[in-house]
Structures are given as structure tokens and as C-alpha cells.
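Have a look at the structure below, then the notes.
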Protein chains: 2
Amino acid sequence: MDTKTLCLGALSLGDASGYEIKKMFEEGTFSHFYDAGYGSIYPALNRLLTEGLVTCTEVEQENRPLKKVYSMTGTGMAKLKADLSEEPSRDKTRSESIVMMFFSHLIGSAHREEILQSYIDYYRKGVDCIENIDPTGQPFGRQFVRGLGLAVYKAAAKYLEENKDLLLSDEEERDIGDAA
Amino acid sequence: MDTKTLCLGALSLGDASGYEIKKMFEEGTFSHFYDAGYGSIYPALNRLLTEGLVTCTEVEQENRPLKKVYSMTGTGMAKLKADLSEEPSRDKTRSESIVMMFFSHLIGSAHREEILQSYIDYYRKGVDCIENIDPTGQPFGRQFVRGLGLAVYKAAAKYLEENKDLLLSDEEERDIGDAA
DNA sequence: TTGTCTATATATCGAAATGATATATATCAA
DNA sequence: TTGATATATATCATTTCGATATATAGACAA
């Protein structure tokens with residue numbers, strides 16, 4: 001599974017431009033479980049075009065630049081279903097915030113507080129964002145994923161808030177303090 | 001922050017070979033918050049060598065191939081601290097399992113069950129793995145991260161187990177069933 | 001003996017992704 | 001006029017990915 005598959009998935013929800021698909025990854029439909037940027041979305045859409053899995057229509061807009069709207073072909077839908085029927089590979093995660101908390105003995109306490117507060121905010125905003133999605137009438141899988149995101153984000157926010165003292169307390173062997 | 005920084009972080013915990021560092025990403029120290037493979041670890045180590053941030057000693061072993069053990073230099077430690085003191089970029093996540101659950105209306109019910117069960121097992125194993133790490137005497141940040149991982153993994157496993165009916169129930173508008 | 005599997009090790013490569021940036025069409029404020 | 005914002009498409013040097021290769025061993029089955 002690669003960005004092509006996710007673009008097909010996005011288009012299975014309705015025709016969209018590259019920019020709109022990026023929005024879905026950014027702070028929308030897919031944001032809490034799949035990450036992709038312009039540098040992979042546009043090449044993926046071009047590959048899908050070349051392979052006949054999507055079609056593309058240029059649309060003129062008022063007060064806005066020209067827009068390319070992509071649609072799935074029947075072959076594209078078949079490919080999406082085939083990809084979804086494979087064995088999933090393992091989850092991939094990279095969190096610089098957690099790395100910094102792991103090595104928090106190597107950084108100053110002001111930075112530590114900053115990272116922690118930003119991370120709490122990130123999860124609280126994520127909870128709000130997911131809660132604002134109305135699950136009514138959506139496919140069961142989509143409702144399930146919404147609930148999973150909520151459960152995880154709430155648990156993370158709760159833990160971060162309740163255990164901040166552990167992260168922020170000073171260790172006797174810390175070799176840099178507020179002087180850093 | 002890139003794989004070089006994480007390799008420096010790994011070496012701040014003690015000298016190690018490329019293979020041992022990979023193990024830390026795979027099912028060890030970093031596995032639930034930072035992902036990296038051989039294809040990025042070895043080039044990163046070579047770049048660190050070129051830049052004088054690590055040194056490397058070849059060690060002969062009995063019944064085992066030659067091993068290259070890497071150590072941090074003082075410059076390497078300074079670089080690690082500098083990297084850890086920057087603003088963290090946003091978390092990156094990719095979960096094919098969740099993608100498949102999101103589009104579960106497009107796949108057969110046997111595959112749905114399989115994915116769900118594998119995902120529950122994955123989280124349950126993660127909980128066991130983290131619980132087996134003894135937090136005693138570790139830096140507070142490391143203890144904090146262990147607790148965060150536990151909180152999140154438990155919440156995910158709990159949700160998955162308690163809501164499996166939602167994912168596995170049939171929708172009237174499903175256009176493929178067990179025939180796929 | 002060969003093949004397969006496992007574990008410990010280092011390494012590589014074509015394809016994909018990254019992060020930053022560029023460009024374009026608009027609007028608005030300083 | 002410049003800078004910021006929003007909507008849009010696109011690109012590029014660098015890094016990463018996933019699979020694979022190679023090496024040193026040992027164990028086991030055909």
C-alpha cells in the first residue's frame with residue numbers, strides 16, 4: 001500500500017483535486033492514521049493517471065486558479081479493493097515530541113515544558129476535531145475508526161496531563177539545567 | 001530531526017553496532033514511537049562517521065561475523081543535544097490496518113475479522129512488551145514515555161475488543177460480501 | 001549433500017517519499 | 001509595494017523504503 005492507494009481511497013469518497021486530497025490528509029478524514037504530503041500526492045496522482053486508474057478534468061473557477069479534478073475509473077476501484085484485501089504491513093510512527101521526552105534529561109526544563117504543553121494541545125485539538133465529525137450515516141468501518149481515534153487521543157491527553165510532574169521534575173544527575 | 005539524530009540518541013545509551021541499533025527500533029527501546037530500517041540506519045551511521053560525530057571499532061567475535069561497534073564523540077553529544085532542543089515537527093503516522101478498517105465496506109468479512117484480530121494481538125503484545133520493561137532507575141523522561149505508550153496501547157486494545165461488533169457487522173449497502 | 005530456517009552481522013539499490021520551495025490567481029491590510 | 005492568507009499545481013536534492021544480497025555460524029529435514 002502506498003500513497004496511490006490512499007488517493008484512490010480518497011477518490012472513492014468523491015471526486016477531488018490534489019489540493020483537496022492533501023487537505024484530507026492534513027486536518028481531515030485521514031489525518032490521524034495516514035500521513036502524506038504534496039511531494040508524494042502529486043506524483044501518485046500522475047502515476048494513477050498514466051495507469052488509467054483515474055481520469056482528470058480541468059475546471060475553471062471564479063477568482064481562483066484553474067483546478068484539476070480527479071475521478072476514479074472502474075479499474076481504479078478494482079485496484080483499491082485489491083490493495084485493501086492484502087495483508088496490512090506494520091504501523092509506522094515517528095514522533096519527535098516523544099523522542100524529546102525520552103531524552104528529556106538532555107534538554108532544559110523550559111524546552112521540556114514547552115514540548116509537553118504543545119503535545120497536550122495537539123491531542124486535545126485532535127479530540128475536538130474528531131468529535132466534530134458527525135458519525136451518523138457513515139459506514140460502520142468509518143464510525144469504528146472515529147471511535148478508535150477518540151479513544152487513543154483521549155487516553156494520551158489524559159496521561160500527559162496527569163503525569164506531567166514525572167516529566168518536569170528534576171533529576172539529580174541532570175547535566176544541564178536551565179542554563180541551556 | 002532524522003535517523004542520524006536517533007542513532008546518536010541510541011549511542012548515548014551505550015556503544016552499539018548497526019544491527020543492535022536496528023533492534024532498538026524494531027522491538028525495543030524506540031519501537032513504539034520511532035520507526036527506522038536498515039536502509040536509513042546504515043547510511044546515517046556512515047554520514048555520522050564522515051562528520052566526526054561517531055567513531056567505529058571493528059570487533060571480532062567467536063562464531064559470529066565481524067562487528068562494527070559505534071561510539072559517540074563529544075561533538076556527537078553536542079549535536080544530539082542541539083537537535084533535541086529544536087521545535088519538534090508534527091507526529092507522522094501510517095497505519096494500513098486502520099485504512100483497511102476505514103474502508104471496511106469494500107472488503108470481505110473474513111478479511112475484516114483477520115485485520116481486527118491481528119490488530120488486537122499487535123496492541124496486546126505491545127502492552128506486554130512495554131510492561132516487561134523495568135522502569136526502576138531510568139531517567140524520568142524514559143519512565144514517562146513508557147507510561148504514555150502503555151496508556152495508549154491499552155486504550156487502543158480495549159476499544160478494539162469492545163467495539164468489534166461495530167466493525168464486523170454487515171451493512172445493507174455493502175456491495176461485496178464473503179464472495180470476495 | 002542440499003535446502004531451509006534461524007540468528008548475528010553489514011550493505012545496497014530502484015522506487016517512493018520528504019520538506020522545502022516555486023509559481024499562479026486572488027484578496028486584504030499596512 | 002510588500003506581506004499575509006487562501007486556493008491551486010508542481011518540483012527537486014536529499015532521505016528513506018522495502019527488498020534483497022552477502023557473510024559467518026548452527027540446527028534440522030529431505
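Each chain in the C-alpha cells gets a letter, A, B, ..., in the order shown, and its residues are numbered from 1; ligands are numbered from 1 in order too.
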Quick one: contact table of chain B to chain A, 7 Å max, nearest atom pair and distance in Å to one decimal per residue, counting only C-alpha atoms, chain and number order, as JSON lines?
{"residue": "B:Phe33", "atom": "CA", "partner": "A:Arg94", "partner_atom": "CA", "distance": 5.6}
{"residue": "B:Tyr34", "atom": "CA", "partner": "A:Arg94", "partner_atom": "CA", "distance": 4.3}
{"residue": "B:Asp35", "atom": "CA", "partner": "A:Thr93", "partner_atom": "CA", "distance": 5.8}
{"residue": "B:Lys81", "atom": "CA", "partner": "A:Leu106", "partner_atom": "CA", "distance": 6.2}
{"residue": "B:Leu84", "atom": "CA", "partner": "A:Met100", "partner_atom": "CA", "distance": 5.7}
{"residue": "B:Ser85", "atom": "CA", "partner": "A:Ile107", "partner_atom": "CA", "distance": 6.3}
{"residue": "B:Pro88", "atom": "CA", "partner": "A:Glu96", "partner_atom": "CA", "distance": 5.4}
{"residue": "B:Ser89", "atom": "CA", "partner": "A:Glu96", "partner_atom": "CA", "distance": 6.3}
{"residue": "B:Asp91", "atom": "CA", "partner": "A:Ser95", "partner_atom": "CA", "distance": 4.5}
{"residue": "B:Lys92", "atom": "CA", "partner": "A:Arg94", "partner_atom": "CA", "distance": 5.1}
{"residue": "B:Thr93", "atom": "CA", "partner": "A:Thr93", "partner_atom": "CA", "distance": 4.5}
{"residue": "B:Arg94", "atom": "CA", "partner": "A:Tyr34", "partner_atom": "CA", "distance": 4.3}
{"residue": "B:Ser95", "atom": "CA", "partner": "A:Asp91", "partner_atom": "CA", "distance": 4.5}
{"residue": "B:Glu96", "atom": "CA", "partner": "A:Pro88", "partner_atom": "CA", "distance": 5.4}
{"residue": "B:Ser97", "atom": "CA", "partner": "A:Pro88", "partner_atom": "CA", "distance": 5.6}
{"residue": "B:Ile98", "atom": "CA", "partner": "A:Phe33", "partner_atom": "CA", "distance": 6.6}
{"residue": "B:Met100", "atom": "CA", "partner": "A:Leu84", "partner_atom": "CA", "distance": 5.7}
{"residue": "B:Met101", "atom": "CA", "partner": "A:Gly141", "partner_atom": "CA", "distance": 5.3}
{"residue": "B:Phe102", "atom": "CA", "partner": "A:Arg142", "partner_atom": "CA", "distance": 4.6}
{"residue": "B:Phe103", "atom": "CA", "partner": "A:Gly141", "partner_atom": "CA", "distance": 6.3}
{"residue": "B:Ser104", "atom": "CA", "partner": "A:Gly141", "partner_atom": "CA", "distance": 5.3}
{"residue": "B:His105", "atom": "CA", "partner": "A:Gly141", "partner_atom": "CA", "distance": 6.8}
{"residue": "B:Leu106", "atom": "CA", "partner": "A:Lys81", "partner_atom": "CA", "distance": 6.2}
{"residue": "B:Ile107", "atom": "CA", "partner": "A:Ser85", "partner_atom": "CA", "distance": 6.3}
{"residue": "B:His111", "atom": "CA", "partner": "A:Ser85", "partner_atom": "CA", "distance": 6.8}
{"residue": "B:Pro139", "atom": "CA", "partner": "A:His105", "partner_atom": "CA", "distance": 6.8}
{"residue": "B:Phe140", "atom": "CA", "partner": "A:Leu167", "partner_atom": "CA", "distance": 5.8}
{"residue": "B:Gly141", "atom": "CA", "partner": "A:Phe102", "partner_atom": "CA", "distance": 4.8}
{"residue": "B:Arg142", "atom": "CA", "partner": "A:Phe102", "partner_atom": "CA", "distance": 4.6}
{"residue": "B:Phe144", "atom": "CA", "partner": "A:Leu167", "partner_atom": "CA", "distance": 6.0}
{"residue": "B:Val145", "atom": "CA", "partner": "A:Phe102", "partner_atom": "CA", "distance": 5.9}
{"residue": "B:Leu148", "atom": "CA", "partner": "A:Tyr159", "partner_atom": "CA", "distance": 6.3}
{"residue": "B:Ala151", "atom": "CA", "partner": "A:Ala155", "partner_atom": "CA", "distance": 6.2}
{"residue": "B:Val152", "atom": "CA", "partner": "A:Val152", "partner_atom": "CA", "distance": 5.6}
{"residue": "B:Ala155", "atom": "CA", "partner": "A:Val152", "partner_atom": "CA", "distance": 5.9}
{"residue": "B:Ala156", "atom": "CA", "partner": "A:Val152", "partner_atom": "CA", "distance": 5.8}
{"residue": "B:Tyr159", "atom": "CA", "partner": "A:Leu148", "partner_atom": "CA", "distance": 6.3}
{"residue": "B:Leu166", "atom": "CA", "partner": "A:Phe140", "partner_atom": "CA", "distance": 6.0}
{"residue": "B:Leu167", "atom": "CA", "partner": "A:Gly141", "partner_atom": "CA", "distance": 5.3}
Which chain D residues are at most 8 Å from chain A (counting only C-alpha atoms (C1' of nucleotides)), as a short mmCIF file (atom, residue, chain, number, x, y, z; two decimals) with C-alpha atoms (C1' of nucleotides), in the first residue's frame?
data_model
loop_
_atom_site.label_atom_id
_atom_site.label_comp_id
_atom_site.auth_asym_id
_atom_site.auth_seq_id
_atom_site.Cartn_x
_atom_site.Cartn_y
_atom_site.Cartn_z
"C1'" DT D 7 -6.81 28.26 -3.20
"C1'" DA D 8 -4.23 25.66 -6.62
"C1'" DA D 10 4.20 21.44 -9.29
#
Of the candidates C:DA17, C:DA22, C:DC28, C:DA7, which shows the shortest atom-to-atom distance to chain A, using only C-alpha atoms (C1' of nucleotides)?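 Going through C:DA17, C:DA22, C:DC28, C:DA7 one by one, the smallest distance to chain A is for C:DA17.
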* To do: Step one, run DSSP on the backbone; step two, keep only residues of region 3-122 of chain B assigned to strand (DSSP E); then write them as a PyMOL selection string.
  => chain B and resi 16-17+54-61+64-72+92-94
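For the pair C1' of DA29 (chain C) and CA of Gln61 (chain A), the separation is 25.0 Å.
With C1' of DA16 (chain C) on one side and CA of Ala44 (chain A) on the other, the separation reads 9.4 Å.
What separates CA of Asp15 (chain B) from C1' of DT20 (chain D) is a distance of 27.8 Å.
Interface residues on chain C toward chain A (cut-off 10 Å, only C-alpha atoms (C1' of nucleotides)): DA16, DA17, DT18, DG19, DA20, DA24, DT25, DA26 and DT27 of chain C.
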Saved selection, atoms kept: C-alpha atoms (C1' of nucleotides), as a tab-separated table (two decimals), in the first residue's frame:
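Now in part_17.tsv:
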chain	number	residue	atom	x	y	z
C	16	DA	C1'	9.00	6.30	-3.35
C	17	DA	C1'	8.70	9.88	-0.12
C	18	DT	C1'	10.27	14.26	2.27
C	19	DG	C1'	10.41	19.06	3.23
C	20	DA	C1'	11.03	22.95	1.35
C	24	DA	C1'	-0.04	31.12	-10.22
C	25	DT	C1'	-4.72	33.51	-9.21
C	26	DA	C1'	-6.99	36.30	-5.96
C	27	DT	C1'	-7.99	39.41	-1.74
| DA29 (chain D) environment, 12 Å, only C-alpha atoms (C1' of nucleotides), sequence neighbours closer than 3 positions dropped, as a list in words |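 Contacts, in chain order: DT2, DG3, DT4 and DC5 of chain C.
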Extract, using only C-alpha atoms (C1' of nucleotides), all DNA, RNA and protein residues at most 9 Å from Leu45 (chain B), discarding same-chain residues fewer than 6 positions from it, and format them as a count of residues only. 7
From a DSSP pass on the backbone, collect the residues of chain B flagged as alpha helix (DSSP H) and hand them back as a ChimeraX atom specification.
-> /B:3-12,18-27,38-50,74-84,96-102,109-131,140-162,164-168
* **Test item: residues at most 10 Å from Gly52 (chain A), only C-alpha atoms (C1' of nucleotides), excluding those fewer than 4 positions along its chain, as a list in words** =>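 Neighbouring residues, sequence-local ones excluded: Asn46, Arg47, Leu48, Met72, Thr73, Gly74, Thr75 and Gly76 of chain A.
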Selection above as a file: N, CA, C and O atoms, as a PDB file, in the first residue's frame:
ATOM      1  N   ASN A  46      -0.260  11.450 -10.725  1.00  0.00           N
ATOM      2  CA  ASN A  46       0.231  11.310 -12.104  1.00  0.00           C
ATOM      3  C   ASN A  46       0.431   9.863 -12.490  1.00  0.00           C
ATOM      4  O   ASN A  46       0.153   9.462 -13.625  1.00  0.00           O
ATOM      5  N   ARG A  47       0.932   9.069 -11.569  1.00  0.00           N
ATOM      6  CA  ARG A  47       1.098   7.635 -11.850  1.00  0.00           C
ATOM      7  C   ARG A  47      -0.260   6.968 -12.047  1.00  0.00           C
ATOM      8  O   ARG A  47      -0.440   6.137 -12.940  1.00  0.00           O
ATOM      9  N   LEU A  48      -1.239   7.329 -11.217  1.00  0.00           N
ATOM     10  CA  LEU A  48      -2.587   6.769 -11.358  1.00  0.00           C
ATOM     11  C   LEU A  48      -3.186   7.137 -12.712  1.00  0.00           C
ATOM     12  O   LEU A  48      -3.863   6.327 -13.340  1.00  0.00           O
ATOM     13  N   MET A  72     -12.227   8.482 -10.095  1.00  0.00           N
ATOM     14  CA  MET A  72     -11.850   7.069 -10.194  1.00  0.00           C
ATOM     15  C   MET A  72     -12.419   6.432 -11.455  1.00  0.00           C
ATOM     16  O   MET A  72     -13.544   6.714 -11.838  1.00  0.00           O
ATOM     17  N   THR A  73     -11.637   5.559 -12.068  1.00  0.00           N
ATOM     18  CA  THR A  73     -12.212   4.690 -13.090  1.00  0.00           C
ATOM     19  C   THR A  73     -12.648   3.383 -12.426  1.00  0.00           C
ATOM     20  O   THR A  73     -12.324   3.140 -11.256  1.00  0.00           O
ATOM     21  N   GLY A  74     -13.355   2.558 -13.183  1.00  0.00           N
ATOM     22  CA  GLY A  74     -13.734   1.245 -12.673  1.00  0.00           C
ATOM     23  C   GLY A  74     -12.503   0.408 -12.348  1.00  0.00           C
ATOM     24  O   GLY A  74     -12.452  -0.286 -11.333  1.00  0.00           O
ATOM     25  N   THR A  75     -11.486   0.538 -13.191  1.00  0.00           N
ATOM     26  CA  THR A  75     -10.219  -0.164 -12.931  1.00  0.00           C
ATOM     27  C   THR A  75      -9.590   0.327 -11.635  1.00  0.00           C
ATOM     28  O   THR A  75      -9.008  -0.445 -10.865  1.00  0.00           O
ATOM     29  N   GLY A  76      -9.709   1.614 -11.398  1.00  0.00           N
ATOM     30  CA  GLY A  76      -9.184   2.195 -10.157  1.00  0.00           C
ATOM     31  C   GLY A  76      -9.865   1.609  -8.936  1.00  0.00           C
ATOM     32  O   GLY A  76      -9.215   1.295  -7.940  1.00  0.00           O
TER      33      GLY A  76
END
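With only C-alpha atoms (C1' of nucleotides) taken into account, the protein and nucleic acid residues at most 10 Å from DT21 (chain C) (excluding it and anything under 2 positions from it in its own chain) are DG19 and DT23 of chain C; DT11 and DC12 of chain D.
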May I have the selected residues written with N, CA, C and O atoms (P, O5', C5', C4', C3', O3' and C1' of nucleotides), as an mmCIF file, in the first residue's frame?
data_model
loop_
_atom_site.group_PDB
_atom_site.id
_atom_site.type_symbol
_atom_site.label_atom_id
_atom_site.label_comp_id
_atom_site.auth_asym_id
_atom_site.auth_seq_id
_atom_site.Cartn_x
_atom_site.Cartn_y
_atom_site.Cartn_z
ATOM 1 P P DG C 19 9.096 15.301 6.444
ATOM 2 O "O5'" DG C 19 9.715 16.719 6.063
ATOM 3 C "C5'" DG C 19 11.115 16.814 5.829
ATOM 4 C "C4'" DG C 19 11.403 18.127 5.135
ATOM 5 C "C3'" DG C 19 10.510 19.281 5.596
ATOM 6 O "O3'" DG C 19 11.368 20.384 5.855
ATOM 7 C "C1'" DG C 19 10.405 19.057 3.234
ATOM 8 P P DT C 23 9.767 31.112 -8.868
ATOM 9 O "O5'" DT C 23 8.312 30.899 -9.469
ATOM 10 C "C5'" DT C 23 8.079 29.784 -10.329
ATOM 11 C "C4'" DT C 23 6.609 29.640 -10.559
ATOM 12 C "C3'" DT C 23 5.877 30.978 -10.742
ATOM 13 O "O3'" DT C 23 5.333 31.043 -12.040
ATOM 14 C "C1'" DT C 23 4.703 29.520 -9.264
ATOM 15 P P DT D 11 6.179 19.151 -12.480
ATOM 16 O "O5'" DT D 11 7.409 19.553 -11.559
ATOM 17 C "C5'" DT D 11 7.841 20.918 -11.550
ATOM 18 C "C4'" DT D 11 8.994 21.053 -10.574
ATOM 19 C "C3'" DT D 11 9.962 19.869 -10.609
ATOM 20 O "O3'" DT D 11 11.260 20.407 -10.495
ATOM 21 C "C1'" DT D 11 9.206 20.232 -8.419
ATOM 22 P P DC D 12 12.442 19.746 -11.334
ATOM 23 O "O5'" DC D 12 13.627 19.777 -10.288
ATOM 24 C "C5'" DC D 12 13.772 20.905 -9.402
ATOM 25 C "C4'" DC D 12 14.522 20.467 -8.152
ATOM 26 C "C3'" DC D 12 15.356 19.208 -8.372
ATOM 27 O "O3'" DC D 12 16.546 19.341 -7.606
ATOM 28 C "C1'" DC D 12 13.834 18.830 -6.640
#
